[in-house]
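Trainee: Provided herewith: protein.cif, mmCIF, C-alpha atoms and all ligand atoms.
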```
data_upload
loop_
_atom_site.label_atom_id
_atom_site.label_comp_id
_atom_site.auth_asym_id
_atom_site.auth_seq_id
_atom_site.Cartn_x
_atom_site.Cartn_y
_atom_site.Cartn_z
CA MET A 1 -98.21 20.59 -29.76
CA ASN A 2 -96.85 24.01 -28.86
CA THR A 3 -93.15 23.36 -29.39
CA PRO A 4 -91.02 26.40 -30.20
CA ARG A 5 -89.87 26.84 -33.75
CA VAL A 6 -86.10 26.97 -34.06
CA MET A 7 -84.15 27.90 -37.16
CA SER A 8 -80.45 28.06 -37.94
CA GLY A 9 -78.25 27.94 -40.98
CA MET A 10 -74.74 27.60 -42.30
CA ARG A 11 -73.04 28.93 -45.39
CA PRO A 12 -71.65 26.23 -47.67
CA THR A 13 -68.12 27.60 -47.76
CA GLY A 14 -65.94 24.55 -47.25
CA ASP A 15 -64.98 21.80 -44.91
CA LEU A 16 -66.61 21.58 -41.53
CA HIS A 17 -64.34 21.03 -38.56
CA LEU A 18 -64.34 19.79 -35.00
CA GLY A 19 -65.55 23.19 -33.74
CA HIS A 20 -68.69 22.93 -35.88
CA LEU A 21 -69.27 19.38 -34.73
CA VAL A 22 -69.10 19.96 -30.98
CA GLY A 23 -70.18 23.61 -30.88
CA VAL A 24 -73.04 23.62 -33.37
CA LEU A 25 -74.10 20.26 -34.77
CA THR A 26 -74.50 18.45 -31.45
CA GLN A 27 -76.81 21.31 -30.45
CA TRP A 28 -78.78 20.89 -33.67
CA VAL A 29 -79.19 17.20 -32.88
CA SER A 30 -80.83 18.04 -29.57
CA TYR A 31 -83.04 20.78 -31.06
CA CYS A 32 -84.53 18.11 -33.29
CA ASP A 33 -85.92 16.43 -30.19
CA THR A 34 -87.12 19.50 -28.31
CA SER A 35 -88.37 21.85 -31.03
CA GLU A 36 -89.68 22.10 -34.50
CA ALA A 37 -86.33 22.72 -36.14
CA PHE A 38 -85.32 24.14 -39.54
CA PHE A 39 -81.77 23.99 -40.85
CA GLU A 40 -80.81 26.06 -43.85
CA ILE A 41 -78.08 25.76 -46.44
CA ALA A 42 -77.40 29.50 -46.74
CA ASP A 43 -76.05 29.46 -50.27
CA LEU A 44 -77.16 33.01 -51.08
CA HIS A 45 -75.25 34.21 -48.03
CA ALA A 46 -72.19 32.43 -49.38
CA TYR A 47 -72.52 34.51 -52.56
CA THR A 48 -72.35 37.77 -50.58
CA THR A 49 -68.60 37.25 -50.26
CA GLY A 50 -67.91 34.28 -52.57
CA PHE A 51 -69.79 35.42 -55.69
CA ALA A 52 -66.72 34.98 -57.91
CA ASP A 53 -66.46 31.26 -57.21
CA PRO A 54 -69.89 29.67 -57.67
CA LYS A 55 -68.46 26.20 -58.25
CA LYS A 56 -66.96 26.19 -54.79
CA ILE A 57 -70.31 27.04 -53.21
CA ARG A 58 -72.11 24.44 -55.28
CA ASP A 59 -69.60 21.71 -54.43
CA ALA A 60 -69.75 22.54 -50.73
CA ARG A 61 -73.55 22.28 -50.56
CA ASN A 62 -74.13 18.51 -50.50
CA GLU A 63 -70.88 17.87 -48.69
CA MET A 64 -72.00 20.13 -45.84
CA VAL A 65 -75.35 18.40 -45.54
CA ALA A 66 -73.60 15.01 -45.58
CA VAL A 67 -71.66 16.18 -42.52
CA TRP A 68 -74.88 17.33 -40.79
CA LEU A 69 -76.30 13.86 -41.36
CA ALA A 70 -73.10 12.15 -40.28
CA ALA A 71 -73.18 14.19 -37.07
CA GLY A 72 -76.62 12.76 -36.36
CA VAL A 73 -78.90 15.66 -37.29
CA ASP A 74 -82.08 13.80 -38.18
CA PRO A 75 -83.89 14.99 -41.34
CA ASN A 76 -87.02 13.15 -40.24
CA LYS A 77 -87.22 15.30 -37.14
CA GLY A 78 -85.78 18.60 -38.41
CA THR A 79 -86.35 20.17 -41.82
CA PHE A 80 -83.35 20.80 -44.08
CA PHE A 81 -83.79 23.41 -46.80
CA LEU A 82 -81.86 25.17 -49.53
CA GLN A 83 -82.12 28.95 -49.26
CA SER A 84 -81.90 29.69 -52.99
CA ALA A 85 -84.66 27.18 -53.69
CA VAL A 86 -87.11 29.05 -51.46
CA PRO A 87 -87.75 32.14 -53.61
CA GLU A 88 -90.18 33.44 -50.98
CA ILE A 89 -87.09 34.43 -48.98
CA ALA A 90 -85.83 36.66 -51.80
CA GLU A 91 -89.26 38.21 -52.25
CA LEU A 92 -89.58 38.93 -48.54
CA TYR A 93 -86.10 40.48 -48.70
CA ALA A 94 -87.18 42.85 -51.46
CA LEU A 95 -90.25 43.85 -49.47
CA LEU A 96 -88.43 44.39 -46.18
CA SER A 97 -85.67 46.34 -47.93
CA MET A 98 -88.24 49.12 -48.41
CA ILE A 99 -88.36 49.78 -44.68
CA THR A 100 -84.73 49.02 -43.73
CA PRO A 101 -82.61 52.16 -43.31
CA ILE A 102 -79.14 51.86 -44.82
CA SER A 103 -77.72 53.36 -41.63
CA TRP A 104 -79.02 50.39 -39.61
CA LEU A 105 -77.16 48.00 -41.91
CA GLU A 106 -73.96 50.06 -41.91
CA ARG A 107 -73.98 49.99 -38.12
CA VAL A 108 -73.75 46.18 -37.91
CA PRO A 109 -70.16 45.50 -36.76
CA THR A 110 -69.48 42.62 -39.16
CA PHE A 111 -70.09 44.95 -42.11
CA LYS A 112 -67.00 47.05 -41.46
CA SER A 113 -64.83 44.31 -40.00
CA GLN A 114 -65.43 41.93 -42.91
CA ILE A 115 -64.61 44.62 -45.45
CA GLU A 116 -61.39 45.34 -43.57
CA GLU A 117 -60.58 41.65 -43.64
CA LEU A 118 -61.68 40.69 -47.14
CA GLY A 119 -61.23 43.95 -49.06
CA SER A 120 -63.62 46.44 -50.60
CA GLU A 121 -64.56 44.11 -53.52
CA ILE A 122 -67.11 42.56 -51.17
CA SER A 123 -68.71 45.93 -50.54
CA THR A 124 -71.83 45.13 -52.57
CA LEU A 125 -75.48 45.85 -51.96
CA GLY A 126 -75.93 42.14 -51.24
CA PHE A 127 -73.20 42.17 -48.63
CA LEU A 128 -74.62 45.27 -46.94
CA GLY A 129 -77.96 43.47 -46.81
CA TYR A 130 -76.52 40.27 -45.30
CA PRO A 131 -78.26 40.62 -41.90
CA LEU A 132 -81.57 41.54 -43.54
CA LEU A 133 -81.37 38.42 -45.70
CA GLN A 134 -80.64 36.44 -42.55
CA LEU A 135 -83.78 37.87 -40.96
CA CYS A 136 -85.77 36.78 -44.00
CA ASP A 137 -84.48 33.20 -43.61
CA ILE A 138 -85.79 33.23 -40.07
CA ALA A 139 -88.99 35.20 -40.60
CA ILE A 140 -90.12 33.13 -43.59
CA VAL A 141 -90.79 30.22 -41.20
CA ARG A 142 -91.71 32.49 -38.26
CA ALA A 143 -88.93 31.03 -36.11
CA GLU A 144 -88.78 32.39 -32.58
CA SER A 145 -85.44 31.05 -31.52
CA VAL A 146 -82.17 31.10 -33.45
CA PRO A 147 -79.10 29.23 -32.17
CA VAL A 148 -76.08 31.20 -33.36
CA GLY A 149 -72.55 32.16 -32.38
CA ARG A 150 -71.76 35.37 -30.52
CA ASP A 151 -70.67 37.08 -33.76
CA GLN A 152 -74.24 36.75 -35.08
CA VAL A 153 -76.06 38.48 -32.22
CA ALA A 154 -75.83 41.90 -33.88
CA HIS A 155 -77.43 40.42 -37.03
CA LEU A 156 -80.36 39.20 -34.97
CA GLU A 157 -80.68 42.60 -33.29
CA LEU A 158 -80.96 44.27 -36.70
CA GLY A 159 -83.55 41.68 -37.63
CA ARG A 160 -85.59 42.34 -34.52
CA GLU A 161 -85.61 46.08 -35.23
CA VAL A 162 -86.86 45.49 -38.76
CA VAL A 163 -89.61 43.18 -37.50
CA ARG A 164 -90.70 45.79 -34.95
CA ARG A 165 -90.79 48.42 -37.65
CA PHE A 166 -92.78 46.15 -39.96
CA ASN A 167 -95.35 45.25 -37.32
CA HIS A 168 -95.65 48.90 -36.31
CA LEU A 169 -96.15 50.12 -39.88
CA TYR A 170 -98.37 47.35 -41.22
CA GLY A 171 -99.44 45.06 -38.40
CA ALA A 172 -102.44 47.08 -37.21
CA GLY A 173 -101.77 45.81 -33.69
CA ARG A 174 -100.95 42.28 -34.83
CA GLU A 175 -97.62 40.47 -34.86
CA VAL A 176 -97.47 39.61 -38.54
CA LEU A 177 -93.77 38.82 -38.20
CA VAL A 178 -92.15 37.30 -35.12
CA GLU A 179 -89.16 38.90 -33.36
CA PRO A 180 -86.51 36.19 -33.31
CA LYS A 181 -84.30 35.68 -30.25
CA PRO A 182 -80.74 34.42 -30.46
CA THR A 183 -79.87 31.42 -28.29
CA LEU A 184 -76.17 31.31 -27.58
CA SER A 185 -74.43 28.00 -27.22
CA GLU A 186 -72.96 27.74 -23.73
CA PHE A 187 -70.19 25.80 -25.35
CA PRO A 188 -66.87 27.70 -25.27
CA ASP A 189 -64.97 28.25 -28.52
CA VAL A 190 -62.97 25.24 -29.58
CA PRO A 191 -59.29 26.14 -30.01
CA GLY A 192 -57.47 25.19 -33.19
CA THR A 193 -54.00 23.67 -33.47
CA ASP A 194 -52.35 27.08 -32.92
CA GLY A 195 -54.45 27.97 -29.87
CA ARG A 196 -56.60 30.57 -31.65
CA LYS A 197 -60.30 29.86 -32.24
CA MET A 198 -60.62 26.93 -34.64
CA SER A 199 -61.40 28.29 -38.09
CA LYS A 200 -60.74 27.22 -41.64
CA SER A 201 -59.45 30.70 -42.46
CA TYR A 202 -56.75 30.44 -39.78
CA ASP A 203 -55.58 27.13 -41.22
CA ASN A 204 -55.70 25.61 -37.73
CA ALA A 205 -58.71 23.34 -38.07
CA ILE A 206 -59.10 19.62 -37.58
CA LEU A 207 -61.57 18.70 -40.29
CA ILE A 208 -64.25 16.10 -39.87
CA SER A 209 -63.28 14.84 -43.32
CA ASP A 210 -59.55 14.53 -42.44
CA ASP A 211 -58.26 10.97 -42.30
CA GLU A 212 -56.76 9.62 -39.10
CA GLU A 213 -53.19 10.10 -40.23
CA THR A 214 -53.78 13.77 -41.08
CA THR A 215 -55.49 14.28 -37.74
CA THR A 216 -52.58 12.71 -35.87
CA LYS A 217 -50.07 14.83 -37.78
CA LYS A 218 -51.99 18.04 -37.03
CA ILE A 219 -52.15 17.20 -33.34
CA ARG A 220 -48.46 16.37 -33.24
CA GLY A 221 -47.80 19.91 -34.50
CA MET A 222 -50.05 21.61 -31.95
CA VAL A 223 -48.79 24.34 -29.66
CA THR A 224 -48.86 23.57 -25.93
CA ASP A 225 -47.80 25.53 -22.85
CA PRO A 226 -44.91 27.66 -24.19
CA LEU A 227 -43.06 27.30 -20.85
CA LYS A 228 -43.07 23.51 -21.02
CA ILE A 229 -40.14 22.90 -23.31
CA ARG A 230 -38.47 19.68 -22.28
CA LYS A 231 -39.87 16.47 -20.92
CA GLY A 232 -39.89 16.84 -17.16
CA ASP A 233 -40.76 20.55 -17.24
CA PRO A 234 -43.94 21.21 -15.27
CA GLY A 235 -46.80 22.44 -17.49
CA ARG A 236 -50.02 24.42 -17.14
CA PRO A 237 -53.01 22.56 -18.61
CA GLU A 238 -55.14 25.70 -18.34
CA VAL A 239 -53.12 27.46 -21.07
CA CYS A 240 -52.69 24.37 -23.27
CA PRO A 241 -54.96 23.99 -26.33
CA VAL A 242 -54.36 20.23 -26.37
CA PHE A 243 -55.83 20.06 -22.88
CA SER A 244 -58.84 22.17 -23.98
CA LEU A 245 -59.47 19.67 -26.76
CA TRP A 246 -59.08 16.73 -24.37
CA LYS A 247 -62.15 18.06 -22.58
CA LEU A 248 -64.23 17.24 -25.65
CA VAL A 249 -63.43 13.56 -25.57
CA ALA A 250 -62.43 12.56 -22.01
CA ALA A 251 -64.34 12.23 -18.74
CA VAL A 252 -63.35 14.07 -15.56
CA PRO A 253 -61.23 11.33 -13.90
CA GLN A 254 -59.08 10.98 -17.00
CA LEU A 255 -58.82 14.77 -17.36
CA ASN A 256 -57.65 15.05 -13.75
CA GLU A 257 -55.03 12.41 -14.36
CA ILE A 258 -53.73 14.18 -17.48
CA ALA A 259 -53.69 17.56 -15.72
CA ALA A 260 -51.81 16.13 -12.74
CA GLY A 261 -49.21 14.43 -14.95
CA CYS A 262 -48.71 17.65 -16.91
CA ARG A 263 -48.29 19.77 -13.77
CA THR A 264 -45.67 17.53 -12.23
CA GLY A 265 -43.86 17.22 -15.54
CA GLU A 266 -44.18 13.45 -15.56
CA LEU A 267 -46.38 13.55 -18.62
CA GLY A 268 -44.54 14.98 -21.63
CA CYS A 269 -46.30 16.83 -24.44
CA ALA A 270 -45.35 14.30 -27.11
CA PRO A 271 -46.91 11.23 -25.44
CA ASP A 272 -49.89 13.32 -24.38
CA LYS A 273 -50.49 14.40 -27.98
CA ALA A 274 -50.13 10.83 -29.21
CA ALA A 275 -52.73 9.66 -26.68
CA PHE A 276 -55.02 12.54 -27.56
CA ALA A 277 -54.76 11.88 -31.30
CA GLU A 278 -55.84 8.31 -30.67
CA ALA A 279 -58.75 9.40 -28.47
CA LEU A 280 -59.92 12.03 -30.95
CA ASN A 281 -59.74 9.66 -33.90
CA ALA A 282 -61.83 7.18 -31.91
CA TYR A 283 -64.35 9.92 -31.10
CA LEU A 284 -64.60 11.00 -34.74
CA SER A 285 -64.57 7.52 -36.18
CA PRO A 286 -68.36 6.86 -36.18
CA VAL A 287 -69.00 10.31 -37.69
CA ARG A 288 -66.39 9.72 -40.36
CA ASP A 289 -67.82 6.29 -41.14
CA ARG A 290 -71.28 7.76 -41.62
CA LEU A 291 -69.85 10.59 -43.73
CA ARG A 292 -68.34 8.02 -46.08
CA ILE A 293 -71.71 6.33 -46.43
CA TYR A 294 -73.51 9.59 -47.30
CA ARG A 295 -70.74 10.63 -49.68
CA ASN A 296 -71.37 7.44 -51.59
CA ASP A 297 -75.08 8.21 -51.72
CA MET A 298 -75.34 11.88 -52.63
CA GLY A 299 -78.64 11.07 -54.33
CA GLU A 300 -80.10 10.45 -50.88
CA VAL A 301 -78.63 13.74 -49.62
CA GLU A 302 -80.29 15.57 -52.51
CA ARG A 303 -83.62 13.88 -51.85
CA ILE A 304 -83.47 14.97 -48.22
CA ILE A 305 -82.79 18.58 -49.24
CA ALA A 306 -85.55 18.55 -51.86
CA LYS A 307 -88.11 17.17 -49.43
CA GLY A 308 -87.30 19.69 -46.69
CA THR A 309 -87.23 22.55 -49.17
CA GLU A 310 -90.69 21.66 -50.41
CA ARG A 311 -92.04 21.60 -46.87
CA THR A 312 -90.38 24.96 -46.13
CA ARG A 313 -91.82 26.53 -49.28
CA HIS A 314 -95.27 25.53 -48.19
CA ILE A 315 -94.87 27.40 -44.89
CA ALA A 316 -93.06 30.28 -46.58
CA ALA A 317 -95.89 30.86 -49.02
CA GLY A 318 -98.31 31.37 -46.15
CA VAL A 319 -96.04 33.83 -44.36
CA LEU A 320 -95.40 35.79 -47.55
CA ARG A 321 -99.13 35.94 -48.21
CA ASP A 322 -99.66 37.47 -44.75
CA VAL A 323 -96.85 39.96 -45.29
CA LYS A 324 -98.17 41.10 -48.64
CA SER A 325 -101.67 41.39 -47.35
CA ALA A 326 -100.48 43.46 -44.38
CA MET A 327 -98.64 45.72 -46.86
CA ARG A 328 -101.80 45.93 -49.00
CA LEU A 329 -100.03 44.48 -52.00
N1 LIG B 401 -74.85 34.10 -40.96
C1 LIG B 401 -74.79 32.76 -40.39
C2 LIG B 401 -73.34 32.38 -40.15
O1 LIG B 401 -72.46 32.83 -40.84
C3 LIG B 401 -75.44 31.75 -41.31
C4 LIG B 401 -76.90 32.00 -41.46
C5 LIG B 401 -77.56 32.41 -42.57
C6 LIG B 401 -77.88 31.86 -40.45
N2 LIG B 401 -78.88 32.51 -42.35
C7 LIG B 401 -79.11 32.21 -41.06
C8 LIG B 401 -77.84 31.50 -39.10
C9 LIG B 401 -80.30 32.22 -40.31
C10 LIG B 401 -79.02 31.50 -38.38
C11 LIG B 401 -80.24 31.86 -38.98
O2 LIG B 401 -73.09 31.59 -39.28
#
```
What is this structure when it is put down as structure tokens?
Mentor:
Amino acid sequence: MNTPRVMSGMRPTGDLHLGHLVGVLTQWVSYCDTSEAFFEIADLHAYTTGFADPKKIRDARNEMVAVWLAAGVDPNKGTFFLQSAVPEIAELYALLSMITPISWLERVPTFKSQIEELGSEISTLGFLGYPLLQLCDIAIVRAESVPVGRDQVAHLELGREVVRRFNHLYGAGREVLVEPKPTLSEFPDVPGTDGRKMSKSYDNAILISDDEETTTKKIRGMVTDPLKIRKGDPGRPEVCPVFSLWKLVAAVPQLNEIAAGCRTGELGCAPDKAAFAEALNAYLSPVRDRLRIYRNDMGEVERIIAKGTERTRHIAAGVLRDVKSAMRL
């Protein structure tokens, strides 16, 4: 009965890749079994930086959810919802903005770093409020636990401070809002084809929607140990991104065999990559098959989103009622 409530979300900004699949979505699958889980399509968050291209955000929405489903996230166990279709979130955001100091928002590290990266056009009120909006996503269902990446921990910390301030000002000794805790995935970052963290913006990602040929071509072009140049040169698996990716799909005995062959130089990079491409395509094949099925039935995807959104709104209305009553509105 007393299962913890877990909530997480993703911005619909484009194709999901292998890093999302193994680092995030497999975790979501297991949360469905152990918690009461909510998964949000954070389309308003996508507008904080992508406001000039609404079509892109709209097109990415159903596609992203199709990938969640293909990865095995079960909409009968977890609740999928569309942020912009839960207006209670926006109302809560307006209310909490009254007690959120601008200096707290300016202090969040992603605020400055993203402006440096993307330019000052994104320096809007909405962008400054990004972590507050994220808190509202979480607080509107009173989630206690939020699986996120390391880069999101500061957002959660801001959120916790706002909740504390709210409860202090208006709670009269009660916890009207719940302080959410981040749960970090113990999964290490998945490297992309160039060895940096896999990310669409680095153009180094293996996409779930790539076909097998594209996958094989990307893997063929991967960097390996820079000191292993010719066949026969001994290599160092620990610095090789191909070897890091092997760990996602192979069991320990096979990994040991690959590492040993690399170290002696017997195993060349080219045949290793060819074998890895085959193994990865086999690993992704059931996900890709299911993705094709959902892509051909986007009506079903939309029904799933609509159903979960309705359920979320029901909960959200109750939380908002409590918030407004605490604020004497
Ligand atoms: N900011 C998160 C990200 O970029 C996405 C997100 C939006 C989110 N709302 C959330 C994550 C609420 C967890 C909880 O990854």
Trainee: Return as a list in words every polymer residue, whether protein, DNA or RNA, with at least one atom no more than 6 Å from an atom of ligand LIG 401 (chain B); count all atoms listed in the file.
Mentor: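 Going residue by residue within 6 Å of ligand LIG 401 (chain B), we get Met7, Ser8, Gly9, Met10, Arg11, Ala42, Gln134, Asp137, Ile138, Val146 and Val148 of chain A.
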Trainee: Give me the residues within 10 Å of A:Ile140 as a compact mmCIF listing (two decimals) with C-alpha atoms, in the frame of the given file, counting all atoms listed in the file and dropping any in the same chain fewer than 4 places off.
Mentor:
```txt
# COMPACT_ATOMS: atom_id res chain seq x y z
CA VAL A 86 -87.11 29.05 -51.46
CA GLU A 88 -90.18 33.44 -50.98
CA ILE A 89 -87.09 34.43 -48.98
CA ALA A 90 -85.83 36.66 -51.80
CA LEU A 92 -89.58 38.93 -48.54
CA TYR A 93 -86.10 40.48 -48.70
CA LEU A 135 -83.78 37.87 -40.96
CA CYS A 136 -85.77 36.78 -44.00
CA LEU A 177 -93.77 38.82 -38.20
CA VAL A 178 -92.15 37.30 -35.12
CA THR A 312 -90.38 24.96 -46.13
CA ARG A 313 -91.82 26.53 -49.28
CA ILE A 315 -94.87 27.40 -44.89
CA ALA A 316 -93.06 30.28 -46.58
CA ALA A 317 -95.89 30.86 -49.02
CA GLY A 318 -98.31 31.37 -46.15
CA VAL A 319 -96.04 33.83 -44.36
CA LEU A 320 -95.40 35.79 -47.55
CA VAL A 323 -96.85 39.96 -45.29
```
Trainee: If we count only C-alpha atoms and set the cut-off at 10 Å, which residues sit around A:Asp211, ignoring sequence neighbours fewer than 6 positions away in its own chain? Please answer as a list in words.
Mentor: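 Counting only the stated atoms, we get Asn281, Leu284, Ser285 and Arg288 of chain A.
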Trainee: Include C-alpha atoms and write out the residues we just selected as a short mmCIF file (atom, residue, chain, number, x, y, z; two decimals), in the coordinates of the input.
Mentor:
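Done, and the output landed in part-v8.cif:
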```cif
data_model
loop_
_atom_site.label_atom_id
_atom_site.label_comp_id
_atom_site.auth_asym_id
_atom_site.auth_seq_id
_atom_site.Cartn_x
_atom_site.Cartn_y
_atom_site.Cartn_z
CA ASN A 281 -59.74 9.66 -33.90
CA LEU A 284 -64.60 11.00 -34.74
CA SER A 285 -64.57 7.52 -36.18
CA ARG A 288 -66.39 9.72 -40.36
#
```
Trainee: To one decimal in Å, tell me the separation between atom CA of A:Ile99 and atom CA of A:Phe111.
Mentor: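 Separating atom CA of A:Ile99 from atom CA of A:Phe111 is a distance of 19.1 Å.
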Trainee: For A:Asp151, find every residue with an atom within 9 Å (counting all atoms listed in the file), except residues of its own chain fewer than 3 positions away, and show them as a PDB file with C-alpha atoms, in the frame of the given file.
Mentor:
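See result.pdb below for the written result:
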```
ATOM      1  CA  PRO A 109     -70.160  45.500 -36.760  1.00  0.00           C
ATOM      2  CA  THR A 110     -69.480  42.620 -39.160  1.00  0.00           C
ATOM      3  CA  VAL A 148     -76.080  31.200 -33.360  1.00  0.00           C
ATOM      4  CA  ALA A 154     -75.830  41.900 -33.880  1.00  0.00           C
ATOM      5  CA  HIS A 155     -77.430  40.420 -37.030  1.00  0.00           C
TER       6      HIS A 155
END
```
Trainee: Of the residues A:Tyr130, A:Trp246, A:Tyr294, A:Tyr47, which is the one nearest to A:Asp272, using only C-alpha atoms?
Mentor: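 Answer, going by the shortest atom-to-atom distance: A:Trp246.
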Trainee: Excluding A:Phe80 and residues on its chain fewer than 2 positions from it, collect all residues at most 12 Å away from it, counting all atoms listed in the file, and give them as a VMD selection string.
Mentor: chain A and resid 7 to 10 28 32 36 to 42 61 to 62 64 to 66 68 to 69 73 to 78 82 to 83 85 to 86 301 to 313
Trainee: Counting only C-alpha atoms, which residue out of A:Lys197, A:Arg174, A:Arg292, A:Arg160 sits closest to A:Asp322?
Mentor: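 Looking only at the distances to A:Asp322, the closest residue turns out to be A:Arg174.
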Trainee: Please, what distance in Å, to one decimal, runs between atom CA of A:Leu207 and atom CA of A:Ile229?
Mentor: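 Separation between atom CA of A:Leu207 and atom CA of A:Ile229: 27.7 Å.
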Trainee: For a quick check of understanding, using all atoms listed in the file, which of A:His168, A:Thr49, A:Ala279, A:Met222 has the smallest distance to A:Glu117?
Mentor: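 Among the listed residues, A:Thr49 lies closest to A:Glu117.
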Trainee: For A:Leu95, which of A:Val153, A:Leu44, A:Val162, A:Ile115 is the closest residue, counting all atoms listed in the file?
Mentor: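 Nearest to A:Leu95: A:Val162.
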Trainee: If you count all atoms listed in the file, which residues fall within 7 Å of stretch 185-196 of chain A, apart from same-chain ones fewer than 4 positions away, as number ranges by chain?
Mentor: A: 19, 23, 147, 149, 204-205, 218-219, 222-223, 241
Trainee: Just give me the gap between atom CA of A:Asp289 and atom CA of A:Leu21 in Å, one decimal is fine.
Mentor: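 Those two atoms sit 14.6 Å apart.
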Trainee: Counting all atoms listed in the file, which residues have an atom no more than 12 Å from (-66.8, 26.6, -47.9) in the file's coordinates? Please list them as number ranges by chain.
Mentor: A: 10-17, 41-43, 45-47, 49-50, 53-64, 199-201
